[in-house]
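So this one's upload04.cif, mmCIF, C-alpha atoms and all ligand atoms:
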data_run
#
loop_
_atom_site.label_atom_id
_atom_site.label_comp_id
_atom_site.auth_asym_id
_atom_site.auth_seq_id
_atom_site.Cartn_x
_atom_site.Cartn_y
_atom_site.Cartn_z
CA MET A 1 6.82 -81.82 121.66
CA THR A 2 5.85 -83.25 118.31
CA THR A 3 5.40 -81.45 115.02
CA ARG A 4 2.07 -81.35 113.23
CA ASN A 5 0.47 -79.71 110.22
CA LEU A 6 -2.87 -78.01 110.63
CA TRP A 7 -5.34 -75.56 109.15
CA ARG A 8 -5.78 -72.52 111.39
CA MET A 9 -8.25 -69.63 111.23
CA SER A 10 -6.77 -66.29 112.35
CA SER A 11 -10.32 -65.48 113.49
CA ALA A 12 -13.82 -66.39 112.34
CA GLY A 13 -15.35 -64.32 109.55
CA SER A 14 -14.20 -65.60 106.16
CA LEU A 15 -13.09 -68.89 104.63
CA GLU A 16 -10.12 -66.94 103.18
CA ARG A 17 -8.64 -66.76 106.69
CA LEU A 18 -8.00 -70.51 106.72
CA GLU A 19 -4.24 -70.97 106.59
CA ARG A 20 -2.07 -74.09 106.49
CA ARG A 21 0.68 -74.13 109.11
CA THR A 22 3.23 -76.33 110.84
CA GLU A 23 3.17 -76.08 114.64
CA GLU A 24 4.51 -77.84 117.70
CA LEU A 25 2.08 -79.95 119.76
CA PRO A 26 2.86 -80.25 123.50
CA PRO A 27 2.61 -83.66 125.20
CA PRO A 28 -0.92 -84.73 126.19
CA ARG A 29 -2.11 -83.35 129.55
CA ALA A 30 -3.88 -85.29 132.29
CA GLY A 31 -6.85 -87.18 130.86
CA GLU A 32 -5.74 -86.59 127.24
CA ALA A 33 -4.34 -88.82 124.52
CA ARG A 34 -2.33 -87.79 121.49
CA VAL A 35 -3.83 -89.13 118.27
CA ARG A 36 -1.99 -89.26 114.95
CA VAL A 37 -4.79 -88.32 112.59
CA GLN A 38 -5.45 -90.28 109.39
CA ALA A 39 -8.86 -88.92 108.38
CA ILE A 40 -10.99 -85.89 109.27
CA GLY A 41 -14.78 -85.65 108.98
CA LEU A 42 -16.24 -82.38 107.67
CA ASN A 43 -19.45 -80.95 109.08
CA PHE A 44 -21.73 -78.17 107.91
CA ALA A 45 -21.07 -76.56 111.29
CA ASP A 46 -17.37 -76.17 110.31
CA ILE A 47 -18.39 -73.68 107.61
CA PHE A 48 -20.71 -71.78 109.95
CA ALA A 49 -17.81 -71.67 112.46
CA CYS A 50 -15.31 -70.32 109.90
CA LEU A 51 -17.81 -67.71 108.71
CA GLY A 52 -18.47 -66.53 112.27
CA LEU A 53 -22.07 -67.71 112.32
CA TYR A 54 -21.75 -70.43 114.97
CA SER A 55 -22.08 -69.23 118.54
CA ALA A 56 -19.92 -72.04 120.01
CA THR A 57 -16.85 -70.96 117.95
CA PRO A 58 -13.80 -69.91 120.02
CA ARG A 59 -12.94 -66.22 119.98
CA GLY A 60 -9.72 -65.28 118.18
CA THR A 61 -7.59 -67.86 116.42
CA PHE A 62 -8.76 -71.47 116.29
CA VAL A 63 -8.35 -74.76 114.44
CA PRO A 64 -11.71 -75.91 113.01
CA GLY A 65 -12.96 -79.48 112.98
CA LEU A 66 -15.19 -81.50 115.29
CA GLU A 67 -14.17 -85.08 114.48
CA CYS A 68 -11.40 -87.25 113.10
CA ALA A 69 -9.95 -90.75 113.28
CA GLY A 70 -6.42 -91.99 113.81
CA VAL A 71 -4.12 -94.00 116.00
CA VAL A 72 -3.39 -93.34 119.68
CA GLU A 73 0.25 -92.32 119.91
CA ALA A 74 0.74 -91.25 123.53
CA ILE A 75 -1.36 -91.12 126.67
CA GLY A 76 -1.18 -88.37 129.29
CA PRO A 77 -1.21 -88.97 133.06
CA PRO A 78 -4.57 -89.99 134.56
CA ARG A 79 -7.11 -87.33 135.52
CA GLU A 80 -7.82 -87.09 139.22
CA ASP A 81 -11.18 -88.84 138.83
CA GLU A 82 -9.73 -91.64 136.65
CA GLY A 83 -7.94 -93.46 139.48
CA SER A 84 -4.42 -94.87 139.19
CA SER A 85 -5.29 -97.25 136.35
CA GLY A 86 -5.91 -94.20 134.09
CA SER A 87 -7.25 -94.40 130.56
CA ALA A 88 -8.50 -97.68 129.06
CA LEU A 89 -6.72 -96.75 125.80
CA SER A 90 -3.37 -98.06 124.69
CA PRO A 91 -0.91 -96.72 122.11
CA GLY A 92 -1.46 -98.13 118.63
CA GLU A 93 -5.24 -98.33 119.05
CA PRO A 94 -7.37 -97.02 116.15
CA VAL A 95 -9.94 -94.55 117.46
CA MET A 96 -12.61 -92.11 116.33
CA VAL A 97 -12.35 -88.74 118.03
CA LEU A 98 -14.96 -86.15 118.94
CA THR A 99 -13.36 -82.81 119.68
CA ARG A 100 -14.67 -79.37 120.47
CA PHE A 101 -12.72 -77.84 117.52
CA GLY A 102 -9.12 -78.67 116.56
CA ALA A 103 -9.62 -81.65 114.23
CA TYR A 104 -8.13 -80.08 111.08
CA ALA A 105 -4.67 -81.30 112.05
CA THR A 106 -2.34 -84.23 111.44
CA ALA A 107 -2.08 -84.82 115.20
CA LEU A 108 -4.03 -83.55 118.21
CA ASN A 109 -4.42 -84.00 121.94
CA ALA A 110 -7.98 -84.95 122.78
CA GLU A 111 -9.71 -85.84 126.01
CA SER A 112 -9.73 -89.64 126.28
CA ARG A 113 -13.42 -89.50 127.24
CA TYR A 114 -14.25 -88.40 123.69
CA LEU A 115 -12.36 -91.24 121.99
CA ALA A 116 -14.13 -94.42 120.89
CA PRO A 117 -12.80 -97.57 119.20
CA ILE A 118 -13.44 -97.75 115.46
CA PRO A 119 -15.86 -100.63 114.76
CA ASP A 120 -14.22 -103.76 113.30
CA GLY A 121 -13.73 -103.71 109.54
CA TRP A 122 -14.25 -99.95 109.15
CA THR A 123 -11.69 -97.74 107.42
CA MET A 124 -10.23 -94.63 109.06
CA ALA A 125 -12.35 -92.47 106.72
CA GLU A 126 -15.50 -94.26 107.90
CA GLY A 127 -14.46 -93.81 111.54
CA ALA A 128 -13.84 -90.08 110.99
CA ALA A 129 -17.21 -89.75 109.28
CA TYR A 130 -19.30 -91.35 111.99
CA PRO A 131 -19.55 -89.63 115.41
CA VAL A 132 -21.04 -86.15 114.86
CA GLN A 133 -23.62 -86.97 112.23
CA SER A 134 -24.78 -90.28 113.71
CA LEU A 135 -25.09 -88.77 117.21
CA THR A 136 -26.97 -85.81 115.75
CA ALA A 137 -29.40 -88.08 113.91
CA TRP A 138 -29.91 -90.26 116.97
CA TYR A 139 -30.34 -87.37 119.40
CA GLY A 140 -32.75 -85.47 117.16
CA LEU A 141 -34.82 -88.29 115.72
CA MET A 142 -34.80 -90.91 118.46
CA HIS A 143 -34.09 -89.13 121.75
CA LEU A 144 -35.98 -85.86 121.28
CA GLY A 145 -38.21 -86.95 118.38
CA ALA A 146 -39.02 -90.28 120.09
CA LEU A 147 -39.80 -91.85 116.71
CA ALA A 148 -41.79 -95.08 117.16
CA PRO A 149 -42.68 -98.03 114.87
CA GLY A 150 -45.44 -97.21 112.39
CA GLN A 151 -44.96 -93.43 112.69
CA VAL A 152 -44.20 -91.08 109.79
CA ALA A 153 -41.01 -89.00 109.73
CA LEU A 154 -40.09 -86.10 107.46
CA LEU A 155 -36.31 -85.98 107.03
CA HIS A 156 -34.88 -82.86 105.39
CA SER A 157 -31.60 -83.19 103.48
CA ALA A 158 -32.14 -86.95 103.58
CA ALA A 159 -29.15 -87.66 101.29
CA GLY A 160 -26.76 -85.65 103.49
CA GLY A 161 -24.49 -86.87 106.27
CA VAL A 162 -27.02 -86.60 109.11
CA GLY A 163 -29.89 -87.43 106.76
CA LEU A 164 -28.59 -90.87 105.73
CA HIS A 165 -28.09 -91.87 109.38
CA ALA A 166 -31.58 -90.63 110.23
CA LEU A 167 -32.97 -92.63 107.32
CA ALA A 168 -31.22 -95.81 108.52
CA MET A 169 -32.49 -95.23 112.08
CA ALA A 170 -36.05 -94.57 110.96
CA ARG A 171 -36.11 -97.69 108.81
CA ALA A 172 -34.62 -99.79 111.62
CA THR A 173 -37.39 -98.46 113.87
CA GLY A 174 -40.11 -99.48 111.42
CA ALA A 175 -41.19 -95.91 110.64
CA THR A 176 -42.26 -94.54 107.25
CA VAL A 177 -39.96 -91.87 105.83
CA ILE A 178 -40.49 -88.95 103.50
CA GLY A 179 -37.15 -87.39 102.60
CA THR A 180 -36.46 -83.99 101.06
CA VAL A 181 -33.49 -83.04 98.88
CA GLY A 182 -32.40 -79.90 97.09
CA GLN A 183 -31.63 -81.51 93.72
CA ALA A 184 -33.07 -84.43 91.79
CA ASP A 185 -29.64 -86.04 91.26
CA LYS A 186 -29.78 -87.12 94.93
CA ILE A 187 -32.88 -89.28 94.36
CA PRO A 188 -31.10 -92.47 93.19
CA LEU A 189 -29.06 -92.64 96.42
CA LEU A 190 -32.27 -92.50 98.47
CA GLU A 191 -33.97 -95.06 96.24
CA ALA A 192 -30.98 -97.35 96.84
CA ARG A 193 -31.64 -96.87 100.58
CA GLY A 194 -35.22 -98.11 100.24
CA LEU A 195 -37.31 -94.99 99.55
CA ALA A 196 -39.83 -95.15 96.70
CA ARG A 197 -39.83 -92.24 94.23
CA GLY A 198 -43.00 -90.82 95.83
CA GLN A 199 -41.28 -90.68 99.21
CA VAL A 200 -38.64 -88.20 97.99
CA VAL A 201 -39.51 -84.52 97.66
CA VAL A 202 -37.26 -82.23 95.63
CA ARG A 203 -37.99 -79.08 97.68
CA LYS A 204 -39.36 -75.93 96.13
CA ALA A 205 -39.64 -72.85 98.37
CA LYS A 206 -42.93 -71.93 96.70
CA GLY A 207 -45.54 -74.66 96.94
CA PHE A 208 -43.61 -76.78 99.47
CA GLY A 209 -46.80 -77.42 101.46
CA ALA A 210 -48.53 -78.87 98.40
CA GLN A 211 -45.47 -81.04 97.72
CA LEU A 212 -45.74 -82.43 101.26
CA ASP A 213 -49.46 -83.15 100.80
CA VAL A 214 -48.69 -85.23 97.69
CA ALA A 215 -45.94 -87.13 99.53
CA LEU A 216 -48.17 -87.78 102.55
CA ALA A 217 -50.91 -89.12 100.26
CA ALA A 218 -48.34 -91.41 98.58
CA VAL A 219 -47.68 -93.13 101.92
CA ASP A 220 -51.33 -93.04 102.96
CA ALA A 221 -50.74 -90.69 105.87
CA THR A 222 -52.34 -87.44 106.96
CA GLY A 223 -49.51 -85.90 108.98
CA PHE A 224 -45.95 -86.26 110.25
CA ASP A 225 -45.18 -87.61 113.70
CA VAL A 226 -41.62 -86.26 113.59
CA VAL A 227 -39.96 -83.62 111.40
CA LEU A 228 -36.15 -83.50 111.45
CA ASP A 229 -35.30 -80.05 110.16
CA ALA A 230 -31.87 -78.42 109.74
CA ILE A 231 -32.95 -76.03 106.99
CA ALA A 232 -35.67 -73.82 108.55
CA GLY A 233 -36.40 -70.79 106.31
CA PRO A 234 -39.44 -71.16 104.04
CA PHE A 235 -39.69 -74.91 104.74
CA PHE A 236 -40.33 -74.65 108.48
CA LEU A 237 -43.96 -73.52 108.69
CA PRO A 238 -45.37 -75.76 105.91
CA ALA A 239 -43.92 -78.84 107.66
CA LEU A 240 -45.05 -77.66 111.11
CA ALA A 241 -48.58 -77.20 109.76
CA ARG A 242 -48.58 -80.86 108.69
CA LEU A 243 -47.59 -82.31 112.06
CA ALA A 244 -50.05 -84.89 113.34
CA PRO A 245 -51.43 -84.34 116.86
CA GLU A 246 -48.58 -85.16 119.31
CA GLY A 247 -46.15 -84.48 116.44
CA ARG A 248 -42.61 -83.24 117.19
CA HIS A 249 -40.78 -80.76 114.94
CA VAL A 250 -37.09 -80.98 115.83
CA LEU A 251 -35.04 -78.02 114.61
CA TYR A 252 -31.27 -78.45 114.71
CA GLY A 253 -29.82 -76.25 111.99
CA ALA A 254 -30.51 -73.39 109.61
CA ALA A 255 -28.91 -74.32 106.29
CA ASP A 256 -31.13 -71.77 104.57
CA PHE A 257 -28.89 -69.12 106.19
CA MET A 258 -25.74 -70.59 104.58
CA PRO A 259 -23.94 -67.76 102.72
CA LYS A 260 -23.03 -68.59 99.13
CA GLY A 261 -19.61 -66.90 99.14
CA ARG A 262 -16.43 -66.98 101.20
CA HIS A 263 -17.77 -64.52 103.76
CA PRO A 264 -21.25 -63.69 105.02
CA ASP A 265 -23.44 -61.24 103.14
CA TRP A 266 -24.64 -59.44 106.28
CA LEU A 267 -27.39 -57.54 104.45
CA ARG A 268 -28.90 -60.74 103.07
CA LEU A 269 -28.55 -62.45 106.46
CA ALA A 270 -30.29 -59.54 108.21
CA TRP A 271 -33.13 -59.74 105.67
CA GLN A 272 -33.44 -63.50 106.20
CA TYR A 273 -33.32 -63.04 109.96
CA LEU A 274 -36.12 -60.47 109.88
CA ARG A 275 -38.21 -62.81 107.74
CA ARG A 276 -37.47 -65.91 109.83
CA PRO A 277 -40.50 -68.05 110.65
CA ARG A 278 -42.36 -67.13 113.85
CA LEU A 279 -44.78 -69.29 115.77
CA ASP A 280 -47.39 -68.80 118.42
CA PRO A 281 -46.80 -71.12 121.43
CA MET A 282 -50.51 -70.98 122.27
CA LYS A 283 -51.27 -72.63 118.91
CA LEU A 284 -48.87 -75.47 119.74
CA MET A 285 -51.00 -76.17 122.79
CA ASP A 286 -54.26 -75.99 120.83
CA THR A 287 -53.00 -78.41 118.20
CA ASN A 288 -51.02 -80.81 120.44
CA ARG A 289 -47.76 -80.14 118.61
CA SER A 290 -44.23 -79.55 119.86
CA VAL A 291 -41.21 -77.72 118.49
CA MET A 292 -37.81 -78.61 119.94
CA GLY A 293 -34.28 -77.48 119.23
CA PHE A 294 -30.82 -78.72 120.09
CA ASN A 295 -27.12 -78.26 119.53
CA LEU A 296 -24.99 -81.37 119.91
CA ILE A 297 -22.08 -79.31 121.24
CA TRP A 298 -23.99 -79.40 124.51
CA LEU A 299 -23.12 -83.12 124.80
CA PHE A 300 -19.45 -82.15 125.23
CA ASP A 301 -20.39 -81.01 128.71
CA ARG A 302 -22.10 -84.33 129.35
CA ALA A 303 -19.32 -86.79 128.52
CA ASP A 304 -20.96 -89.27 130.91
CA ARG A 305 -23.81 -89.62 128.39
CA LEU A 306 -21.64 -90.12 125.32
CA PRO A 307 -20.94 -93.89 125.49
CA ALA A 308 -24.64 -94.76 125.81
CA ALA A 309 -25.56 -92.31 123.03
CA MET A 310 -22.88 -93.75 120.75
CA SER A 311 -24.02 -97.35 121.41
CA ALA A 312 -27.65 -96.40 120.71
CA ALA A 313 -26.66 -94.68 117.45
CA LEU A 314 -24.54 -97.66 116.37
CA ALA A 315 -27.34 -100.10 117.16
CA LEU A 316 -29.75 -98.29 114.84
CA SER A 317 -27.28 -97.21 112.14
CA PRO A 318 -24.60 -99.93 112.24
CA ALA A 319 -23.34 -99.75 108.64
CA PRO A 320 -20.23 -97.70 107.91
CA PRO A 321 -21.25 -94.19 106.79
CA HIS A 322 -21.58 -93.29 103.12
CA ILE A 323 -18.52 -91.30 102.05
CA GLY A 324 -19.62 -88.95 99.28
CA ALA A 325 -16.21 -87.40 98.54
CA ARG A 326 -12.61 -87.57 99.72
CA PHE A 327 -10.08 -84.74 99.57
CA PRO A 328 -6.36 -84.68 100.48
CA PHE A 329 -5.21 -82.64 103.52
CA ASP A 330 -3.88 -79.89 101.21
CA GLU A 331 -7.39 -79.29 99.84
CA VAL A 332 -9.40 -78.52 102.98
CA PRO A 333 -10.66 -75.16 101.55
CA GLU A 334 -11.86 -76.91 98.35
CA ALA A 335 -13.60 -79.60 100.44
CA LEU A 336 -15.38 -76.94 102.51
CA ARG A 337 -16.55 -75.16 99.37
CA ALA A 338 -17.94 -78.46 98.02
CA LEU A 339 -19.91 -78.96 101.24
CA GLN A 340 -21.05 -75.32 101.19
CA SER A 341 -22.45 -75.77 97.67
CA GLY A 342 -25.25 -77.96 99.05
CA ARG A 343 -24.73 -80.48 96.24
CA THR A 344 -22.83 -83.16 98.18
CA MET A 345 -24.22 -86.48 99.35
CA GLY A 346 -23.19 -88.40 102.45
CA LYS A 347 -19.99 -87.37 104.20
CA ILE A 348 -16.96 -85.44 102.97
CA VAL A 349 -13.72 -86.75 104.43
CA ILE A 350 -10.19 -85.33 104.40
CA GLU A 351 -7.55 -88.05 104.14
CA VAL A 352 -4.22 -87.28 105.75
N1 LIG B 1 -27.62 -78.95 116.01
C1 LIG B 1 -26.57 -79.73 115.91
O1 LIG B 1 -25.99 -80.10 116.90
C2 LIG B 1 -26.10 -80.20 114.56
C3 LIG B 1 -25.11 -81.17 114.47
C4 LIG B 1 -24.71 -81.61 113.19
C5 LIG B 1 -25.32 -81.07 112.06
N2 LIG B 1 -26.26 -80.10 112.21
C6 LIG B 1 -26.92 -79.52 111.04
O2 LIG B 1 -27.43 -80.59 110.28
C7 LIG B 1 -27.44 -80.28 108.90
C8 LIG B 1 -26.81 -81.42 108.16
O3 LIG B 1 -25.43 -81.42 108.48
P1 LIG B 1 -24.41 -82.32 107.66
O4 LIG B 1 -23.06 -82.03 108.21
O5 LIG B 1 -24.92 -83.72 107.66
O6 LIG B 1 -24.49 -81.71 106.20
P2 LIG B 1 -25.18 -82.31 104.88
O7 LIG B 1 -26.60 -82.60 105.16
O8 LIG B 1 -24.33 -83.40 104.34
O9 LIG B 1 -25.04 -81.04 103.95
C9 LIG B 1 -25.85 -79.93 104.16
C10 LIG B 1 -27.08 -79.99 103.25
O10 LIG B 1 -27.92 -78.88 103.55
C11 LIG B 1 -28.82 -78.73 102.46
N3 LIG B 1 -29.07 -77.31 102.24
C12 LIG B 1 -30.29 -76.72 102.37
N4 LIG B 1 -30.20 -75.42 102.12
C13 LIG B 1 -28.92 -75.15 101.80
C14 LIG B 1 -28.22 -73.96 101.44
N5 LIG B 1 -28.84 -72.76 101.36
N6 LIG B 1 -26.89 -74.04 101.16
C15 LIG B 1 -26.25 -75.23 101.25
N7 LIG B 1 -26.86 -76.40 101.61
C16 LIG B 1 -28.18 -76.35 101.89
C17 LIG B 1 -28.17 -79.43 101.26
O11 LIG B 1 -28.89 -80.65 101.02
P3 LIG B 1 -30.33 -80.67 100.34
O12 LIG B 1 -30.40 -79.42 99.48
O13 LIG B 1 -30.36 -81.92 99.56
O14 LIG B 1 -31.31 -80.63 101.46
C18 LIG B 1 -26.79 -79.80 101.77
O15 LIG B 1 -26.27 -80.94 101.15
C19 LIG B 1 -26.70 -78.95 108.77
O16 LIG B 1 -27.62 -77.90 108.60
C20 LIG B 1 -25.98 -78.82 110.09
O17 LIG B 1 -25.75 -77.47 110.44
C21 LIG B 1 -26.66 -79.67 113.43
#
The structure given in the file should be rewritten as structure tokens.
Amino acid sequence: MTTRNLWRMSSAGSLERLERRTEELPPPRAGEARVRVQAIGLNFADIFACLGLYSATPRGTFVPGLECAGVVEAIGPPREDEGSSGSALSPGEPVMVLTRFGAYATALNAESRYLAPIPDGWTMAEGAAYPVQSLTAWYGLMHLGALAPGQVALLHSAAGGVGLHALAMARATGATVIGTVGQADKIPLLEARGLARGQVVVRKAKGFGAQLDVALAAVDATGFDVVLDAIAGPFFLPALARLAPEGRHVLYGAADFMPKGRHPDWLRLAWQYLRRPRLDPMKLMDTNRSVMGFNLIWLFDRADRLPAAMSAALALSPAPPHIGARFPFDEVPEALRALQSGRTMGKIVIEV
């Protein structure tokens, strides 16, 4: 047994249920490694999980967190299918960790299959910031979206964690990008990443379609080949209507549903749900357009595909991720509220 500090939810439903505790951690089981955590990456999904709005969240008590980075401290016995040589990891190795919950802790046992070496020269914070958002960007934009050179991509929340990876991947592919943001103070970051002022749209719920028409004209295009959309709400249909023939609208989140407070306003959510965008599949056929959706948590069941996905993401977005803010371990609730505000850029990292 080893002692660890962690942030535990008694059950999903309110951010107020997040409680700091000290607990014992049993030795790693077969196929697991114990990692002493030095940095934790926050994801928008963490907030949805704490609020009870994420279907993959465990029932009852749970420790949030989908990724972290640290040093391998102990290795469990080999899994049956690993053979006698066991894990390729050795104690002392710096690793980034993907975990199906449990990352808000100073130590954790994680399946060795979900550990990857931190690229040379990266800090622990950069390692903790990388896996979820880069894999999400790669899976949505490149794998499902099949973005190709010369095509035009619309990237929502382009200054966010996933958004900056998607931008790097689109540029590496030779595609033209139009990025959307919620506030104008995010524009300089996108300009520094190569977008011209006319390629950034500060979204307005009313008149969003007209904003897209202006942006398309600025890049001399008539429609989007790929839309990467984790907002949905009033922005979904105007973007879908501007897909070029063969265009792919990839939906992978619903930030518009994010409650403003510490717990969900169920009445507002019900109203938003009733007013959610609907589409007619027959029209997709008529117009040669596709709508796709995905949840990365599905990849946890396909660990065999993770190494190739990670290599592909790293090849297209090889720079260490942009860390927008760092918080100490004591301030996890404050860090989550910053992310929930929608005003952050890049990744928020907890440093242990
Ligand atoms: N399907 C999956 O497997 C998967 C995996 C990872 C992430 N995601 C989704 O991808 C999106 C990006 O995730 P991330 O972790 O990289 O976060 P992020 O983009 O760094 O932060 C979320 C962003 O959402 C935007 N937003 C739009 N409406 C909002 C609202 N009502 N309240 C708060 N923010 C709002 C804000 O940026 P702007 O206002 O500038 O747009 C905000 O900064 C999230 O929606 C997340 O749920 C999905």
Show me, as a tab-separated table, the residues of stretch 22-116 of chain A having an atom within 10 Å of stretch 287-299 of chain A, each with the closest atom pair and its distance in Å, using only C-alpha atoms.
residue	atom	partner	partner_atom	distance
A:Ala56	CA	A:Ile297	CA	7.7
A:Leu66	CA	A:Ile297	CA	9.4
A:Thr99	CA	A:Ile297	CA	9.5
A:Arg100	CA	A:Ile297	CA	7.5
Output C-alpha atoms for every residue in the selection just made, as a PDB file, in the frame of the given file.
ATOM      1  CA  ALA A  56     -19.920 -72.040 120.010  1.00  0.00           C
ATOM      2  CA  LEU A  66     -15.190 -81.500 115.290  1.00  0.00           C
ATOM      3  CA  THR A  99     -13.360 -82.810 119.680  1.00  0.00           C
ATOM      4  CA  ARG A 100     -14.670 -79.370 120.470  1.00  0.00           C
TER       5      ARG A 100
END
Write out as a PDB file with C-alpha atoms, in the coordinates of the input each polymer residue (protein, DNA or RNA) that has an atom no more than 8 Å from ligand LIG 1 (chain B), with only C-alpha atoms and all ligand atoms counted.
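What ended up in selection33.pdb:
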ATOM      1  CA  LEU A  42     -16.240 -82.380 107.670  1.00  0.00           C
ATOM      2  CA  ASN A  43     -19.450 -80.950 109.080  1.00  0.00           C
ATOM      3  CA  PHE A  44     -21.730 -78.170 107.910  1.00  0.00           C
ATOM      4  CA  ALA A  45     -21.070 -76.560 111.290  1.00  0.00           C
ATOM      5  CA  PHE A  48     -20.710 -71.780 109.950  1.00  0.00           C
ATOM      6  CA  VAL A 132     -21.040 -86.150 114.860  1.00  0.00           C
ATOM      7  CA  GLN A 133     -23.620 -86.970 112.230  1.00  0.00           C
ATOM      8  CA  THR A 136     -26.970 -85.810 115.750  1.00  0.00           C
ATOM      9  CA  HIS A 156     -34.880 -82.860 105.390  1.00  0.00           C
ATOM     10  CA  SER A 157     -31.600 -83.190 103.480  1.00  0.00           C
ATOM     11  CA  ALA A 158     -32.140 -86.950 103.580  1.00  0.00           C
ATOM     12  CA  ALA A 159     -29.150 -87.660 101.290  1.00  0.00           C
ATOM     13  CA  GLY A 160     -26.760 -85.650 103.490  1.00  0.00           C
ATOM     14  CA  GLY A 161     -24.490 -86.870 106.270  1.00  0.00           C
ATOM     15  CA  VAL A 162     -27.020 -86.600 109.110  1.00  0.00           C
ATOM     16  CA  GLY A 163     -29.890 -87.430 106.760  1.00  0.00           C
ATOM     17  CA  THR A 180     -36.460 -83.990 101.060  1.00  0.00           C
ATOM     18  CA  VAL A 181     -33.490 -83.040  98.880  1.00  0.00           C
ATOM     19  CA  GLY A 182     -32.400 -79.900  97.090  1.00  0.00           C
ATOM     20  CA  GLN A 183     -31.630 -81.510  93.720  1.00  0.00           C
ATOM     21  CA  LYS A 186     -29.780 -87.120  94.930  1.00  0.00           C
ATOM     22  CA  VAL A 202     -37.260 -82.230  95.630  1.00  0.00           C
ATOM     23  CA  ARG A 203     -37.990 -79.080  97.680  1.00  0.00           C
ATOM     24  CA  ASP A 229     -35.300 -80.050 110.160  1.00  0.00           C
ATOM     25  CA  ALA A 230     -31.870 -78.420 109.740  1.00  0.00           C
ATOM     26  CA  ILE A 231     -32.950 -76.030 106.990  1.00  0.00           C
ATOM     27  CA  LEU A 251     -35.040 -78.020 114.610  1.00  0.00           C
ATOM     28  CA  TYR A 252     -31.270 -78.450 114.710  1.00  0.00           C
ATOM     29  CA  GLY A 253     -29.820 -76.250 111.990  1.00  0.00           C
ATOM     30  CA  ALA A 254     -30.510 -73.390 109.610  1.00  0.00           C
ATOM     31  CA  ALA A 255     -28.910 -74.320 106.290  1.00  0.00           C
ATOM     32  CA  ASP A 256     -31.130 -71.770 104.570  1.00  0.00           C
ATOM     33  CA  PHE A 257     -28.890 -69.120 106.190  1.00  0.00           C
ATOM     34  CA  MET A 258     -25.740 -70.590 104.580  1.00  0.00           C
ATOM     35  CA  PRO A 259     -23.940 -67.760 102.720  1.00  0.00           C
ATOM     36  CA  LYS A 260     -23.030 -68.590  99.130  1.00  0.00           C
ATOM     37  CA  GLY A 293     -34.280 -77.480 119.230  1.00  0.00           C
ATOM     38  CA  PHE A 294     -30.820 -78.720 120.090  1.00  0.00           C
ATOM     39  CA  ASN A 295     -27.120 -78.260 119.530  1.00  0.00           C
ATOM     40  CA  LEU A 296     -24.990 -81.370 119.910  1.00  0.00           C
ATOM     41  CA  ILE A 297     -22.080 -79.310 121.240  1.00  0.00           C
ATOM     42  CA  TRP A 298     -23.990 -79.400 124.510  1.00  0.00           C
ATOM     43  CA  LEU A 339     -19.910 -78.960 101.240  1.00  0.00           C
ATOM     44  CA  GLN A 340     -21.050 -75.320 101.190  1.00  0.00           C
ATOM     45  CA  SER A 341     -22.450 -75.770  97.670  1.00  0.00           C
ATOM     46  CA  GLY A 342     -25.250 -77.960  99.050  1.00  0.00           C
ATOM     47  CA  ARG A 343     -24.730 -80.480  96.240  1.00  0.00           C
ATOM     48  CA  THR A 344     -22.830 -83.160  98.180  1.00  0.00           C
ATOM     49  CA  MET A 345     -24.220 -86.480  99.350  1.00  0.00           C
ATOM     50  CA  GLY A 346     -23.190 -88.400 102.450  1.00  0.00           C
ATOM     51  CA  LYS A 347     -19.990 -87.370 104.200  1.00  0.00           C
ATOM     52  CA  ILE A 348     -16.960 -85.440 102.970  1.00  0.00           C
TER      53      ILE A 348
END
Would you please work out which residue, of A:Pro131, A:Pro78, A:Gly209, A:Pro188, is nearest to A:Pro307 when using all atoms listed in the file?
-> A:Pro131
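In this structure, atom CA of A:Gly261 sits 28.4 Å away from atom CA of A:Pro321.
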Rounded to one decimal place, report the atom CA of A:Thr57-atom CA of A:Ser11 distance in Å.
-> 9.6 Å
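Considering all atoms listed in the file, the residue among A:Gln272, A:Thr61, A:Thr106, A:Ser134 positioned nearest to A:Pro318 is A:Ser134.
Considering all atoms listed in the file, the residue among A:Leu51, A:Ala218, A:Met282, A:Ala103 positioned nearest to A:Val349 is A:Ala103.
Shortest separation to A:Ala137 among A:Met169, A:Ala184, A:Leu195, A:Val352 occurs at residue A:Met169, atoms counted being only C-alpha atoms.
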What residues have an atom no more than 7 Å from (-13.6, -84.5, 112.0) in the file's own frame, counting all atoms listed in the file, and can you write them as a ChimeraX atom specification?
-> /A:40-42,65-68,103,128-129
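Shortest separation to A:Gly92 among A:Gly76, A:Pro117, A:Gly194, A:Pro26 occurs at residue A:Pro117, atoms counted being only C-alpha atoms.
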Counting all atoms listed in the file, figure out which residue out of A:Leu316, A:Ala33, A:Leu212, A:Val71 gets nearest to A:Ala241.
-> A:Leu212
Non-local contacts of A:Ala30 (9 Å; only C-alpha atoms; under 6 positions in same chain excluded) as a count of residues only | 7
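The space separating atom CA of A:Ala215 from atom CA of A:Ala196 comes to 10.5 Å.
With all atoms listed in the file taken into account, the protein and nucleic acid residues at most 12 Å from A:Thr173 (excluding it and anything under 4 positions from it in its own chain) are A:Trp138, A:Leu141, A:Met142, A:Ala146, A:Leu147, A:Ala148, A:Pro149, A:Gly150, A:Gln151, A:Val152, A:Ala153, A:Ala166, A:Leu167, A:Ala168, A:Met169, A:Val177, A:Ala313, A:Ala315, A:Leu316, A:Ser317.
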Box for stretch 326-339 of chain A - axis-aligned, 8 Å on each of the six sides, all listed atoms - centre and size in Å to one decimal, as AutoDock Vina command-line options.
--center_x -11.9 --center_y -81.4 --center_z 100.8 --size_x 32.0 --size_y 28.4 --size_z 21.5
